[in-house]
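Before any comments, here is the structure.
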Amino acid sequence: MQIFQVIEDAIAKPPIPHEPYKQSLKAWAMYCLRDKGFKVVYAQKADFAIETKGAEKLYFKVSNSPNDLDNSLSWIVWDSATKSASLVIRNDTQ
């Protein structure tokens, strides 16, 4: 899906760097996505969701560790060693 490429670009080349001591990973990821024009909304079963024009919601969770990610949702994962974020896409949403 092309939308995932745009999401990946938004977190790989963010408008502001993620500074864990200043903001949470969730707040930073939501800011980066909103900056790219996404409609980021509350999600009961995830950290947040993105509403697409087709009224579909894409659900995301965030993590500071690539370990133990379940396969139920897509993830935005922060790597503190490289100081970069990556997108892990749920298998059935690609």
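Residue numbering restarts at 1 in every chain; chains get A, B, ... in the order shown in the structure tokens, and ligands count up from 1 in that same order.
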Residues within 8 Å of Ala29 in chain A, only C-alpha atoms, excluding chain neighbours under 4 positions, as a short mmCIF file (atom, residue, chain, number, x, y, z; two decimals) with C-alpha atoms, in the first residue's frame:
data_model
loop_
_atom_site.label_atom_id
_atom_site.label_comp_id
_atom_site.auth_asym_id
_atom_site.auth_seq_id
_atom_site.Cartn_x
_atom_site.Cartn_y
_atom_site.Cartn_z
CA ILE A 11 8.81 8.91 10.68
CA LEU A 25 7.13 8.30 21.31
CA LEU A 33 1.85 12.06 10.94
CA ILE A 76 6.13 2.41 15.11
#
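Within chain A, DSSP run on the backbone puts these residues in strand (DSSP E): Lys39, Val40, Val41, Phe48, Ala49, Ile50, Glu51, Lys57, Leu58, Tyr59, Phe60, Lys61, Val62, Ser63, Ser74, Trp75, Ile76, Val77, Trp78, Asp79, Ser84, Ala85, Ser86, Leu87 and Val88 of chain A.
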**Asked** Rounded to one decimal in Å, what is the spacing between CA of Thr52 in chain A and CA of Lys36 in chain A?
**Response** 13.0 Å
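CA of Asn71 in chain A to CA of Ile89 in chain A spans 8.6 Å [interatomic distance, one decimal].
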**Item:** Spatial neighbours of Lys53 in chain A, max dist 12 Å, only C-alpha atoms, sep filter under 2 positions, as a PyMOL selection string
**Value:** chain A and resi 3+37-39+50-51+55-58
**Request:** Would you return as a ChimeraX atom specification the members of chain A that DSSP assigns to helix (DSSP H, G or I) on this structure's backbone?
**Result:** /A:2-12,25-35,91-93
**Asked** Restricting the calculation to only C-alpha atoms, which member of A:Met30, A:Ala49, A:Ala12, A:Val40 is positioned closest to Lys83 in chain A?
**Response** A:Ala12
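Checking A:Ala10, A:Asp68, A:Gln44, A:Gln2 one by one against Ala85 in chain A, counting only C-alpha atoms, you find the shortest gap at A:Ala10.
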**Item:** Exercise: Tyr31 in chain A partners within 9 Å, only C-alpha atoms, chain neighbours under 4 positions left out, as an MDAnalysis selection string
**Value:** chainID A and resid 15:16 26:27 35:36 40
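CA of Leu87 in chain A lies 7.4 Å from CA of Ser74 in chain A.
For the set A:Trp75, A:Tyr21, A:Phe60, A:Trp28, the residue with the smallest atom-to-atom gap to Phe48 in chain A is A:Phe60, counting only C-alpha atoms.
Distance check against Val62 in chain A using only C-alpha atoms: of A:Asp47, A:Glu19, A:Arg90, A:Lys13, the minimum falls on A:Asp47.
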**Fill in**
Residue with the minimum atom-to-atom distance to Arg34 in chain A, picked from A:Asp70, A:Pro14, A:Ser65, A:Ser86 with only C-alpha atoms counted, is A:Pro14
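Nearest residue to Ile7 in chain A among A:Asn67, A:Cys32, A:Lys45, A:Lys22 is A:Cys32, counting only C-alpha atoms.
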